[in-house]
2 protein chains.
Amino acid sequence: MPVDVLIMKAVNAENTARAVEVRAQLDARRILGLNFMSSPGSGKTSLLEATFERLGGRLRFAVVEGDVYTALDAERIARHGVAAVQINTEGSCHMTAHMLLEALPRLNLDGVDVLVIENIGNLICPAGFSLGEHQKVALLSTAEGADKVDKYPRLFAESHVNVITKTDLAPHVDFDVAAVAARLRQLNPAAPVLAVSAKTGAGIDEWCDWLAAQRQAQLSGAGA
Amino acid sequence: MPVDVLIMKAVNAENTARAVEVRAQLDARRILGLNFMSSPGSGKTSLLEATFERLGGRLRFAVVEGDVYTALDAERIARHGVAAVQINTEGSCHMTAHMLLEALPRLNLDGVDVLVIENIGNLICPAGFSLGEHQKVALLSTAEGADKVDKYPRLFAESHVNVITKTDLAPHVDFDVAAVAARLRQLNPAAPVLAVSAKTGAGIDEWCDWLAAQRQAQLSGAGA
């Protein structure tokens with residue numbers, strides 16, 4: 001086995017051990033952990049902003065924002081009155097569970113229902129690293145093109161829900177939402193497919209229903 | 001220095017040595033090498049297709065297509081009568097110069113003027129790895145959002161030309177092309193900024209003029 005593969009296996013085993021620690025902290029506090037993953041610019045932060053507007057009165061959120069260098073997204077989140085901590089990966093293309101262990105003590109988690117991890121904008125690297133989350137949320141924007149499901153299958157195959165975003169742009173980019181949803185279901189039959197536009201609000205209620213149902217399932221003991 | 005940083009430095013030194021070999025092969029054949037880098041779905045393949053339509057009669061192209069798993073893009077390229085070879089990185093988030101050394105013998109390079117390397121769709125990893133190219137071409141689609149310049153600065157700061165794509169979508173996504181072009185120029189004053197729409201054809205002539213000028217400069221000995 002080549003040296004770099006051996007090293008990656010060791011890095012991954014170390015990450016998995018840290019992810020178990022993150023999960024234990026979340027479970028001890030009965031917090032639902034969601035790991036949001038997608039390309040750059042597919043609308044993770046916009047979907048979160050729309051979510052806080054709809055569910056902010058019912059559920060308390062906290063956010064760990066992953067970014068390569070800036071704090072732009074954490075600033076957007078904080079404007080909604082949601083606690084956010086920024087992790088800068090300084091060039092790395094994904095977050096690790098170790099970063100989460102460093103971030104959690106910097107957040108006030110009292111009374112928090114849902115911890116959102118907004119991962120680095122990247123369709124490849126984040127798929128390989130568990131962050132201790134209960135659910136993986138994969139996003140694909142219509143502007144990226146329908147072929148991305150087959151070009152970057154792992155992220156969509158391993159997620160717990162696949163969300164097609166920016167559906168308002170679909171007519172401008174020749175994106176067939178129904179056909180892509182069917183392909184996603186074929187790739188990952190266990191994951192529901194939702195279609196949303198943070199701009200028009202289309203589909204946001206269904207998305208929020210999915211999220212609230214996950215939280216309810218966790219509290220009733222039926223969740224992951 | 002942590003072990004993983006030491007390993008990355010060794011991997012990079014090895015890559016640089018291979019990149020020098022690629023460059024020597026290109027120079028020996030007087031082929032201009034271009035490395036296209038961007039997010040998934042920012043329009044690399046569409047820009048190439050538009051380029052072949054305009055310049056195919058004047059310049060002979062060959063393409064090395066990087067992809068994580070599929071051959072979808074190489075198939076699109078081949079439809080234009082352009083020689084293409086597919087490199088599947090099997091999960092890796094960038095191409096390496098070693099992959100280029102394996103790909104080049106599989107292409108008929110007789111009479112080729114321009115070798116295009118279409119890198120993996122990723123704004124982070126490809127920036128750190130030279131492939132022996134003469135010029136780095138960075139693309140940013142309007143649908144990704146203006147903040148991506150500051151969130152992923154390295155790719156745009158180290159490129160030889162920055163291309164804003166999908167300008168036809170700008171009015172639908174609140175993207176100020178002039179403002180982003182100004183920010184790109186500030187980040188990387190040496191690189192021209194072009195704005196194109198492969199869909200409407202806007203800006204494609206200027207892009208093709210830039211490409212043809214690079215080729216002309218190489219032949220006249222003034223190029224990189």
# chains A, B, ... in the order shown; residues from 1 in each chain; ligands from 1
call {"tool": "interface_residues", "arguments": {"of": "chain A", "to": "chain B", "cutoff": "6 Å", "atoms": "only C-alpha atoms", "output": "MDAnalysis selection string"}}
result
chainID A and resid 41 70 144:145 151
call {"tool": "write_last_selection", "arguments": {"atoms": "all heavy atoms", "output": "CSV table (one decimal), in the first residue's frame"}}
result
chain,number,residue,atom,x,y,z
A,41,GLY,N,-20.7,28.4,-3.0
A,41,GLY,CA,-21.8,29.1,-3.7
A,41,GLY,C,-23.0,28.4,-4.0
A,41,GLY,O,-23.8,28.8,-4.8
A,70,THR,N,-11.8,33.3,5.6
A,70,THR,CA,-12.6,34.5,6.1
A,70,THR,C,-13.6,34.2,7.2
A,70,THR,O,-13.7,33.0,7.6
A,70,THR,CB,-13.4,35.1,4.9
A,70,THR,OG1,-14.5,34.3,4.6
A,70,THR,CG2,-12.5,35.4,3.7
A,144,GLU,N,-25.1,24.7,-10.9
A,144,GLU,CA,-23.9,23.9,-11.0
A,144,GLU,C,-24.1,22.9,-12.2
A,144,GLU,O,-23.1,22.4,-12.7
A,144,GLU,CB,-23.6,23.1,-9.7
A,144,GLU,CG,-23.2,24.0,-8.6
A,144,GLU,CD,-23.2,23.2,-7.3
A,144,GLU,OE1,-22.4,22.3,-7.2
A,144,GLU,OE2,-24.0,23.6,-6.4
A,145,GLY,N,-25.3,22.5,-12.5
A,145,GLY,CA,-25.5,21.6,-13.6
A,145,GLY,C,-25.9,20.2,-13.1
A,145,GLY,O,-25.4,19.7,-12.0
A,151,LYS,N,-20.8,13.2,-11.2
A,151,LYS,CA,-19.4,13.5,-11.2
A,151,LYS,C,-18.8,13.5,-9.7
A,151,LYS,O,-17.6,13.3,-9.5
A,151,LYS,CB,-19.1,14.9,-11.8
A,151,LYS,CG,-19.3,14.8,-13.3
A,151,LYS,CD,-19.1,16.2,-13.9
A,151,LYS,CE,-17.6,16.5,-14.0
A,151,LYS,NZ,-17.4,17.8,-14.8
call {"tool": "calpha_fit_and_write", "arguments": {"fixed": "chain B", "moving": "chain A", "output": "mmCIF file with C-alpha atoms, in the first residue's frame"}}
result
data_model
loop_
_atom_site.group_PDB
_atom_site.id
_atom_site.type_symbol
_atom_site.label_atom_id
_atom_site.label_comp_id
_atom_site.auth_asym_id
_atom_site.auth_seq_id
_atom_site.Cartn_x
_atom_site.Cartn_y
_atom_site.Cartn_z
ATOM 1 C CA MET A 1 6.601 21.049 12.290
ATOM 2 C CA PRO A 2 3.676 18.573 12.365
ATOM 3 C CA VAL A 3 4.108 15.346 10.412
ATOM 4 C CA ASP A 4 1.300 16.072 7.963
ATOM 5 C CA VAL A 5 2.854 19.436 7.029
ATOM 6 C CA LEU A 6 6.219 17.739 6.460
ATOM 7 C CA ILE A 7 4.561 15.133 4.262
ATOM 8 C CA MET A 8 2.715 17.790 2.265
ATOM 9 C CA LYS A 9 6.014 19.610 1.672
ATOM 10 C CA ALA A 10 7.573 16.380 0.382
ATOM 11 C CA VAL A 11 4.534 15.678 -1.817
ATOM 12 C CA ASN A 12 4.737 19.195 -3.206
ATOM 13 C CA ALA A 13 8.482 18.997 -3.914
ATOM 14 C CA GLU A 14 7.904 15.712 -5.764
ATOM 15 C CA ASN A 15 5.048 17.314 -7.724
ATOM 16 C CA THR A 16 7.184 20.318 -8.653
ATOM 17 C CA ALA A 17 9.894 18.038 -10.065
ATOM 18 C CA ARG A 18 7.284 16.274 -12.224
ATOM 19 C CA ALA A 19 5.840 19.637 -13.294
ATOM 20 C CA VAL A 20 9.260 20.649 -14.617
ATOM 21 C CA GLU A 21 9.236 17.471 -16.745
ATOM 22 C CA VAL A 22 5.770 18.290 -18.118
ATOM 23 C CA ARG A 23 6.868 21.824 -18.965
ATOM 24 C CA ALA A 24 9.952 20.495 -20.765
ATOM 25 C CA GLN A 25 7.796 18.183 -22.896
ATOM 26 C CA LEU A 26 5.460 21.044 -23.797
ATOM 27 C CA ASP A 27 8.330 23.405 -24.601
ATOM 28 C CA ALA A 28 10.077 20.789 -26.746
ATOM 29 C CA ARG A 29 6.920 20.564 -28.850
ATOM 30 C CA ARG A 30 6.202 24.318 -28.660
ATOM 31 C CA ILE A 31 2.777 23.624 -27.151
ATOM 32 C CA LEU A 32 1.061 26.203 -24.945
ATOM 33 C CA GLY A 33 -0.205 24.592 -21.719
ATOM 34 C CA LEU A 34 -3.235 26.073 -19.924
ATOM 35 C CA ASN A 35 -4.517 24.844 -16.540
ATOM 36 C CA PHE A 36 -8.241 25.580 -16.045
ATOM 37 C CA MET A 37 -9.376 25.732 -12.431
ATOM 38 C CA SER A 38 -12.715 26.542 -10.790
ATOM 39 C CA SER A 39 -15.574 25.248 -8.653
ATOM 40 C CA PRO A 40 -17.713 22.379 -9.920
ATOM 41 C CA GLY A 41 -20.196 23.682 -12.449
ATOM 42 C CA SER A 42 -18.630 27.065 -13.083
ATOM 43 C CA GLY A 43 -18.528 26.367 -16.807
ATOM 44 C CA LYS A 44 -15.023 25.173 -17.693
ATOM 45 C CA THR A 45 -16.215 22.638 -20.264
ATOM 46 C CA SER A 46 -18.778 25.030 -21.760
ATOM 47 C CA LEU A 47 -16.117 27.723 -22.191
ATOM 48 C CA LEU A 48 -13.863 25.166 -23.889
ATOM 49 C CA GLU A 49 -16.649 24.124 -26.253
ATOM 50 C CA ALA A 50 -17.246 27.771 -27.208
ATOM 51 C CA THR A 51 -13.493 28.219 -27.670
ATOM 52 C CA PHE A 52 -13.183 25.259 -30.021
ATOM 53 C CA GLU A 53 -16.045 26.623 -32.124
ATOM 54 C CA ARG A 54 -14.330 29.997 -32.550
ATOM 55 C CA LEU A 55 -10.644 29.011 -32.685
ATOM 56 C CA GLY A 56 -10.822 25.408 -33.901
ATOM 57 C CA GLY A 57 -10.025 26.478 -37.469
ATOM 58 C CA ARG A 58 -6.921 28.438 -36.438
ATOM 59 C CA LEU A 59 -5.480 26.484 -33.513
ATOM 60 C CA ARG A 60 -5.266 22.774 -32.831
ATOM 61 C CA PHE A 61 -6.262 21.794 -29.289
ATOM 62 C CA ALA A 62 -5.777 18.737 -27.116
ATOM 63 C CA VAL A 63 -7.347 18.288 -23.694
ATOM 64 C CA VAL A 64 -6.484 16.438 -20.506
ATOM 65 C CA GLU A 65 -9.715 16.090 -18.562
ATOM 66 C CA GLY A 66 -9.490 15.681 -14.833
ATOM 67 C CA ASP A 67 -12.438 14.177 -13.049
ATOM 68 C CA VAL A 68 -12.968 12.345 -9.799
ATOM 69 C CA TYR A 69 -14.762 9.356 -11.296
ATOM 70 C CA THR A 70 -16.512 9.884 -14.658
ATOM 71 C CA ALA A 71 -15.585 10.559 -18.286
ATOM 72 C CA LEU A 72 -18.542 12.867 -18.951
ATOM 73 C CA ASP A 73 -16.451 15.932 -19.829
ATOM 74 C CA ALA A 74 -14.002 14.072 -22.078
ATOM 75 C CA GLU A 75 -17.011 12.797 -24.026
ATOM 76 C CA ARG A 76 -18.292 16.376 -24.420
ATOM 77 C CA ILE A 77 -14.862 17.518 -25.660
ATOM 78 C CA ALA A 78 -14.457 14.603 -28.077
ATOM 79 C CA ARG A 79 -17.732 15.570 -29.778
ATOM 80 C CA HIS A 80 -15.914 18.677 -31.040
ATOM 81 C CA GLY A 81 -13.288 16.578 -32.786
ATOM 82 C CA VAL A 82 -10.669 17.558 -30.214
ATOM 83 C CA ALA A 83 -8.313 14.899 -28.855
ATOM 84 C CA ALA A 84 -9.056 14.301 -25.183
ATOM 85 C CA VAL A 85 -7.755 11.949 -22.540
ATOM 86 C CA GLN A 86 -9.506 11.385 -19.233
ATOM 87 C CA ILE A 87 -7.736 11.221 -15.882
ATOM 88 C CA ASN A 88 -9.822 9.880 -13.022
ATOM 89 C CA THR A 89 -8.353 10.881 -9.678
ATOM 90 C CA GLU A 90 -10.438 8.278 -7.797
ATOM 91 C CA GLY A 91 -11.451 10.569 -4.993
ATOM 92 C CA SER A 92 -8.512 12.976 -4.989
ATOM 93 C CA CYS A 93 -9.407 16.667 -5.090
ATOM 94 C CA HIS A 94 -6.770 17.869 -7.563
ATOM 95 C CA MET A 95 -4.597 16.678 -10.423
ATOM 96 C CA THR A 96 -0.851 16.176 -10.035
ATOM 97 C CA ALA A 97 1.955 16.653 -12.523
ATOM 98 C CA HIS A 98 2.558 12.914 -12.322
ATOM 99 C CA MET A 99 -0.933 12.342 -13.747
ATOM 100 C CA LEU A 100 -0.029 14.660 -16.633
ATOM 101 C CA LEU A 101 3.119 12.650 -17.357
ATOM 102 C CA GLU A 102 0.903 9.561 -17.619
ATOM 103 C CA ALA A 103 -1.670 11.327 -19.788
ATOM 104 C CA LEU A 104 0.576 13.005 -22.367
ATOM 105 C CA PRO A 105 1.786 9.810 -24.104
ATOM 106 C CA ARG A 106 -1.853 8.806 -24.575
ATOM 107 C CA LEU A 107 -2.550 11.921 -26.679
ATOM 108 C CA ASN A 108 -1.506 12.502 -30.267
ATOM 109 C CA LEU A 109 0.307 15.816 -29.841
ATOM 110 C CA ASP A 110 1.502 16.149 -33.454
ATOM 111 C CA GLY A 111 0.648 19.632 -34.652
ATOM 112 C CA VAL A 112 -1.097 20.555 -31.413
ATOM 113 C CA ASP A 113 -0.873 24.257 -30.539
ATOM 114 C CA VAL A 114 -2.616 24.364 -27.172
ATOM 115 C CA LEU A 115 -2.895 21.734 -24.444
ATOM 116 C CA VAL A 116 -5.808 22.423 -22.128
ATOM 117 C CA ILE A 117 -5.801 20.815 -18.690
ATOM 118 C CA GLU A 118 -9.271 20.861 -17.189
ATOM 119 C CA ASN A 119 -8.589 20.406 -13.490
ATOM 120 C CA ILE A 120 -10.929 18.899 -10.865
ATOM 121 C CA GLY A 121 -13.859 21.132 -9.897
ATOM 122 C CA ASN A 122 -12.471 22.567 -6.686
ATOM 123 C CA LEU A 123 -11.479 26.074 -5.548
ATOM 124 C CA ILE A 124 -8.956 24.953 -2.937
ATOM 125 C CA CYS A 125 -6.778 21.945 -3.705
ATOM 126 C CA PRO A 126 -5.712 22.590 -7.328
ATOM 127 C CA ALA A 127 -4.182 25.968 -6.401
ATOM 128 C CA GLY A 128 -1.257 24.303 -4.632
ATOM 129 C CA PHE A 129 -0.122 22.000 -7.421
ATOM 130 C CA SER A 130 1.658 23.162 -10.584
ATOM 131 C CA LEU A 131 1.008 20.891 -13.546
ATOM 132 C CA GLY A 132 3.794 22.378 -15.676
ATOM 133 C CA GLU A 133 1.332 24.708 -17.419
ATOM 134 C CA HIS A 134 2.403 28.046 -18.882
ATOM 135 C CA GLN A 135 -0.738 29.831 -17.750
ATOM 136 C CA LYS A 136 -3.298 29.267 -15.009
ATOM 137 C CA VAL A 137 -6.884 30.155 -15.934
ATOM 138 C CA ALA A 138 -9.242 30.696 -12.983
ATOM 139 C CA LEU A 139 -13.010 30.780 -13.523
ATOM 140 C CA LEU A 140 -15.753 32.109 -11.242
ATOM 141 C CA SER A 141 -19.403 31.841 -12.203
ATOM 142 C CA THR A 142 -21.842 34.594 -11.289
ATOM 143 C CA ALA A 143 -24.091 31.950 -9.710
ATOM 144 C CA GLU A 144 -21.440 31.171 -7.081
ATOM 145 C CA GLY A 145 -21.636 34.657 -5.609
ATOM 146 C CA ALA A 146 -19.283 37.613 -5.364
ATOM 147 C CA ASP A 147 -17.919 36.628 -1.950
ATOM 148 C CA LYS A 148 -16.016 33.653 -3.380
ATOM 149 C CA VAL A 149 -13.101 35.858 -4.443
ATOM 150 C CA ASP A 150 -12.327 36.648 -0.810
ATOM 151 C CA LYS A 151 -13.258 33.218 0.498
ATOM 152 C CA TYR A 152 -10.964 31.339 -1.903
ATOM 153 C CA PRO A 153 -8.354 34.000 -2.718
ATOM 154 C CA ARG A 154 -5.364 31.833 -3.549
ATOM 155 C CA LEU A 155 -6.706 30.459 -6.815
ATOM 156 C CA PHE A 156 -7.566 33.926 -8.130
ATOM 157 C CA ALA A 157 -4.400 35.561 -6.761
ATOM 158 C CA GLU A 158 -2.063 33.094 -8.487
ATOM 159 C CA SER A 159 -3.816 32.822 -11.849
ATOM 160 C CA HIS A 160 -2.677 34.449 -15.095
ATOM 161 C CA VAL A 161 -6.207 35.364 -16.137
ATOM 162 C CA ASN A 162 -9.461 35.487 -14.171
ATOM 163 C CA VAL A 163 -12.651 34.745 -16.088
ATOM 164 C CA ILE A 164 -16.111 35.584 -14.756
ATOM 165 C CA THR A 165 -18.513 33.096 -16.375
ATOM 166 C CA LYS A 166 -22.291 32.803 -16.812
ATOM 167 C CA THR A 167 -22.711 36.576 -17.047
ATOM 168 C CA ASP A 168 -26.171 35.918 -18.535
ATOM 169 C CA LEU A 169 -27.255 34.855 -15.023
ATOM 170 C CA ALA A 170 -25.914 38.004 -13.307
ATOM 171 C CA PRO A 171 -29.284 39.827 -13.197
ATOM 172 C CA HIS A 172 -30.937 36.771 -11.628
ATOM 173 C CA VAL A 173 -28.361 36.348 -8.867
ATOM 174 C CA ASP A 174 -27.593 39.953 -7.833
ATOM 175 C CA PHE A 175 -23.992 39.665 -9.041
ATOM 176 C CA ASP A 176 -22.252 42.959 -9.871
ATOM 177 C CA VAL A 177 -19.795 41.953 -12.618
ATOM 178 C CA ALA A 178 -17.958 45.313 -12.609
ATOM 179 C CA ALA A 179 -17.499 45.280 -8.838
ATOM 180 C CA VAL A 180 -16.193 41.696 -8.786
ATOM 181 C CA ALA A 181 -13.867 42.443 -11.697
ATOM 182 C CA ALA A 182 -12.477 45.384 -9.712
ATOM 183 C CA ARG A 183 -11.946 43.171 -6.653
ATOM 184 C CA LEU A 184 -10.152 40.556 -8.778
ATOM 185 C CA ARG A 185 -7.873 43.241 -10.239
ATOM 186 C CA GLN A 186 -7.090 44.467 -6.746
ATOM 187 C CA LEU A 187 -6.251 40.922 -5.585
ATOM 188 C CA ASN A 188 -4.193 40.127 -8.677
ATOM 189 C CA PRO A 189 -3.216 43.262 -10.615
ATOM 190 C CA ALA A 190 -1.144 41.306 -13.162
ATOM 191 C CA ALA A 191 -4.043 39.150 -14.387
ATOM 192 C CA PRO A 192 -6.579 40.504 -16.863
ATOM 193 C CA VAL A 193 -10.220 39.950 -15.933
ATOM 194 C CA LEU A 194 -12.596 38.755 -18.636
ATOM 195 C CA ALA A 195 -16.360 38.304 -18.421
ATOM 196 C CA VAL A 196 -18.085 35.718 -20.607
ATOM 197 C CA SER A 197 -21.312 33.869 -21.221
ATOM 198 C CA ALA A 198 -20.899 30.619 -23.141
ATOM 199 C CA LYS A 199 -24.695 30.609 -23.494
ATOM 200 C CA THR A 200 -25.117 34.017 -25.205
ATOM 201 C CA GLY A 201 -21.593 34.279 -26.587
ATOM 202 C CA ALA A 202 -20.946 37.565 -24.798
ATOM 203 C CA GLY A 203 -17.247 38.129 -24.161
ATOM 204 C CA ILE A 204 -16.159 34.962 -25.969
ATOM 205 C CA ASP A 205 -14.346 36.952 -28.664
ATOM 206 C CA GLU A 206 -12.296 38.812 -26.038
ATOM 207 C CA TRP A 207 -11.474 35.510 -24.330
ATOM 208 C CA CYS A 208 -10.391 33.951 -27.627
ATOM 209 C CA ASP A 209 -8.305 37.047 -28.391
ATOM 210 C CA TRP A 210 -6.533 36.624 -25.046
ATOM 211 C CA LEU A 211 -5.854 32.941 -25.747
ATOM 212 C CA ALA A 212 -4.638 33.554 -29.304
ATOM 213 C CA ALA A 213 -2.365 36.342 -28.044
ATOM 214 C CA GLN A 214 -0.760 33.980 -25.502
ATOM 215 C CA ARG A 215 -0.081 31.508 -28.271
ATOM 216 C CA GLN A 216 1.347 34.230 -30.490
ATOM 217 C CA ALA A 217 3.593 35.474 -27.672
ATOM 218 C CA GLN A 218 4.879 31.937 -27.119
ATOM 219 C CA LEU A 219 5.735 31.488 -30.802
ATOM 220 C CA SER A 220 7.460 34.865 -30.979
ATOM 221 C CA GLY A 221 9.510 33.988 -27.913
ATOM 222 C CA ALA A 222 7.930 36.641 -25.697
ATOM 223 C CA GLY A 223 5.627 34.223 -23.864
ATOM 224 C CA ALA A 224 6.027 32.572 -20.504
#
call {"tool": "select_by_dssp", "arguments": {"residues": "segment 130-178 of chain B", "states": "strand (DSSP E)", "output": "ChimeraX atom specification"}}
result
/B:135-141,161-165
call {"tool": "select_by_dssp", "arguments": {"residues": "segment 83-169 of chain B", "states": "helix (DSSP H, G or I)", "output": "MDAnalysis selection string"}}
result
chainID B and resid 97:106 125:128 142:144 148:151 153:157 167:169
call {"tool": "write_last_selection", "arguments": {"atoms": "C-alpha atoms", "output": "short mmCIF file (atom, residue, chain, number, x, y, z; two decimals), in the first residue's frame"}}
result
data_model
loop_
_atom_site.label_atom_id
_atom_site.label_comp_id
_atom_site.auth_asym_id
_atom_site.auth_seq_id
_atom_site.Cartn_x
_atom_site.Cartn_y
_atom_site.Cartn_z
CA ALA B 97 1.96 16.65 -12.53
CA HIS B 98 2.55 12.91 -12.32
CA MET B 99 -0.94 12.34 -13.74
CA LEU B 100 -0.03 14.66 -16.64
CA LEU B 101 3.12 12.65 -17.35
CA GLU B 102 0.90 9.56 -17.61
CA ALA B 103 -1.68 11.32 -19.79
CA LEU B 104 0.57 13.01 -22.37
CA PRO B 105 1.79 9.80 -24.09
CA ARG B 106 -1.86 8.81 -24.57
CA CYS B 125 -6.78 21.94 -3.69
CA PRO B 126 -5.72 22.59 -7.32
CA ALA B 127 -4.19 25.96 -6.40
CA GLY B 128 -1.27 24.31 -4.63
CA THR B 142 -21.85 34.61 -11.30
CA ALA B 143 -24.10 31.96 -9.70
CA GLU B 144 -21.44 31.18 -7.09
CA LYS B 148 -16.03 33.65 -3.38
CA VAL B 149 -13.11 35.87 -4.44
CA ASP B 150 -12.33 36.66 -0.81
CA LYS B 151 -13.28 33.24 0.52
CA PRO B 153 -8.36 34.00 -2.71
CA ARG B 154 -5.36 31.84 -3.54
CA LEU B 155 -6.71 30.46 -6.82
CA PHE B 156 -7.57 33.92 -8.13
CA ALA B 157 -4.41 35.56 -6.77
CA THR B 167 -22.71 36.58 -17.06
CA ASP B 168 -26.18 35.93 -18.53
CA LEU B 169 -27.26 34.87 -15.03
#
